Amino acid sequence: YAIIPNLRKNPLLFVQLPFFLTSFYFSTLKLIKKNKFDILNSQWLLPAGLIGALCKKLFNIKHIVTTHGGDLETLNKLPFKRQIANFIFNNSDYILFVSSYSKNIFKNLIKSEFKSKLEKISLILPMGIYTKKLKNPSKINTIKKSCNINTNKNLIFIGRLEERKGLNYLINAMPKILNEFDVNLFILGDGPIKSKLLNQVKKLNLENNVKFFGHTVGKKKLDLLKLADILVIPSLAEGLPVTLLEGLATGKVIIATNVGGISDVIKNNYNGILIKSRNENEISNAIINLFKNPNLMKKLSKNAIITSKKYDWKNIVSKYNLILNK
């Protein structure tokens with residue numbers, strides 16, 4: 001996780017890369033020999049999908065590769081990207097994509113004669129969510145007290161603090177929002193640009209309204225989600241974020257950029273609001289408009305819960321089982 005950002009931050013880590021990949025490969029071979037697996041399911045095209053493809057070639061083991069979006073974005077920027085994509089395709093029995101956007105990236109990388117076969121051995125199947133586990137019985141006033149929150153209108157961002165998440169545009173949108181409403185923004189996550197974002201908040205005099213909670217999981221995450229009125233996903237690029245699905249299941253009103261696989265799930269003005277990326281005015285206008293239209297917010301929240309049922313792990317697992325049983 002976060003290999004690419006870490007390499008960008010410290011190029012000396014490239015020295016570790018060949019040792020890491022070699023260790024990954026031989027560890028996988030050792031596990032296959034020891035356990036005599038029937039199926040190998042690689043998560044992410046790189047490096048696991050490539051290593052899984054090598055293992056299939058060597059052992060003729062059944063190989064399923066699951067992509068998650070970000071790996072395809074990375075592959076698309078690499079030299080020999082087409083050769084890598086074609087090798088993985090030729091040595092995979094099934095390929096699972098989290099979104100139609102991800103599938104199209106991969107489709108454009110492989111040879112034209114492979115494209116008809118791709119339709120037969122692939123499926124768009126995102127990660128799932130446990131909808132029941134996301135239900136939170138805590139009372140709003142109790143959460144406010146424990147988290148020291150006084151505002152009645154709250155926004156939430158959940159994700160890794162990196163450039164492609166577009167959080168800087170959301171922060172830049174806050175002054176315009178605060179001219180209309182008293183609002184808090186909860187930021188749940190950590191990452192390489194945290195100090196940059198903290199400086200941005202300080203420069204805009206937003207310390208009282210933008211609250212960084214760091215990497216947050218469990219009950220506290222659910223409490224802050226319940227407290228928030230709107231989940232904002234201002235990403236510049238995405239596969240299909242699980243945060244989006246969690247937002248649906250908890251009935252959050254969602255504002256998300258129309259990138260990657262987000263439009264596979266969010267239908268504008270039905271279960272969320274889609275906006276352009278890299279545009280702080282679109283973010284602020286969408287948020288202000290929603291707070292001025294409580295009936296629209298109720299409609300979006302209701303439809304979000306309905307949509308979320310499609311992504312419950314029960315439904316996702318049943319589709320996985322069909323593939324595995326083939």
# chains A, B, ... in the order shown; residues from 1 in each chain; ligands from 1
$ residues_around --residues "A:Tyr25" --least-positions-apart "4" --cutoff "7 Å" --atoms "only C-alpha atoms" --output "PyMOL selection string"
chain A and resi 21+29+51
$ residues_around --residues "A:Lys153" --least-positions-apart "2" --cutoff "8 Å" --atoms "only C-alpha atoms" --output "list in words"
Thr151, Leu155, Phe181, Asp182, Val183, Asn184, Ala228 and Asp229 of chain A
$ atom_distance --atom1 "atom CA of A:Leu17" --atom2 "atom CA of A:Ile3"
9.4 Å
$ closest_residue --among "A:Ile88, A:Lys33, A:Lys135, A:Lys202" --to "A:Pro47" --atoms "only C-alpha atoms"
A:Ile88
$ closest_residue --among "A:Glu246, A:Glu207, A:Glu163, A:Glu238" --to "A:Leu222" --atoms "only C-alpha atoms"
A:Glu246
$ residues_around --residues "A:Ile283" --least-positions-apart "4" --cutoff "8 Å" --atoms "only C-alpha atoms" --output "JSON list (two decimals) with C-alpha atoms, in the first residue's frame"
[["chain", "number", "residue", "atom", "x", "y", "z"],
["A", 169, "TYR", "CA", -10.04, 21.99, -3.41],
["A", 170, "LEU", "CA", -12.50, 21.16, -0.64],
["A", 173, "ALA", "CA", -14.17, 25.91, -0.89],
["A", 234, "PRO", "CA", -13.33, 15.57, -4.29],
["A", 255, "ILE", "CA", -21.05, 15.05, -3.26],
["A", 275, "ILE", "CA", -19.46, 17.59, -9.84],
["A", 279, "ASN", "CA", -13.20, 22.99, -9.03],
["A", 287, "ILE", "CA", -22.84, 22.19, -0.53]]
$ atom_distance --atom1 "atom CA of A:Ser27" --atom2 "atom CA of A:Phe59"
14.3 Å
$ atom_distance --atom1 "atom CA of A:Glu119" --atom2 "atom CA of A:Leu244"
26.4 Å
$ closest_residue --among "A:Val232, A:Leu248, A:Ile273, A:Asn152" --to "A:Ile140" --atoms "only C-alpha atoms"
A:Asn152
$ select_by_dssp --residues "stretch 11-90 of chain A" --states "alpha helix (DSSP H)" --output "PyMOL selection string"
chain A and resi 17-35+50-59+70-75+81-90
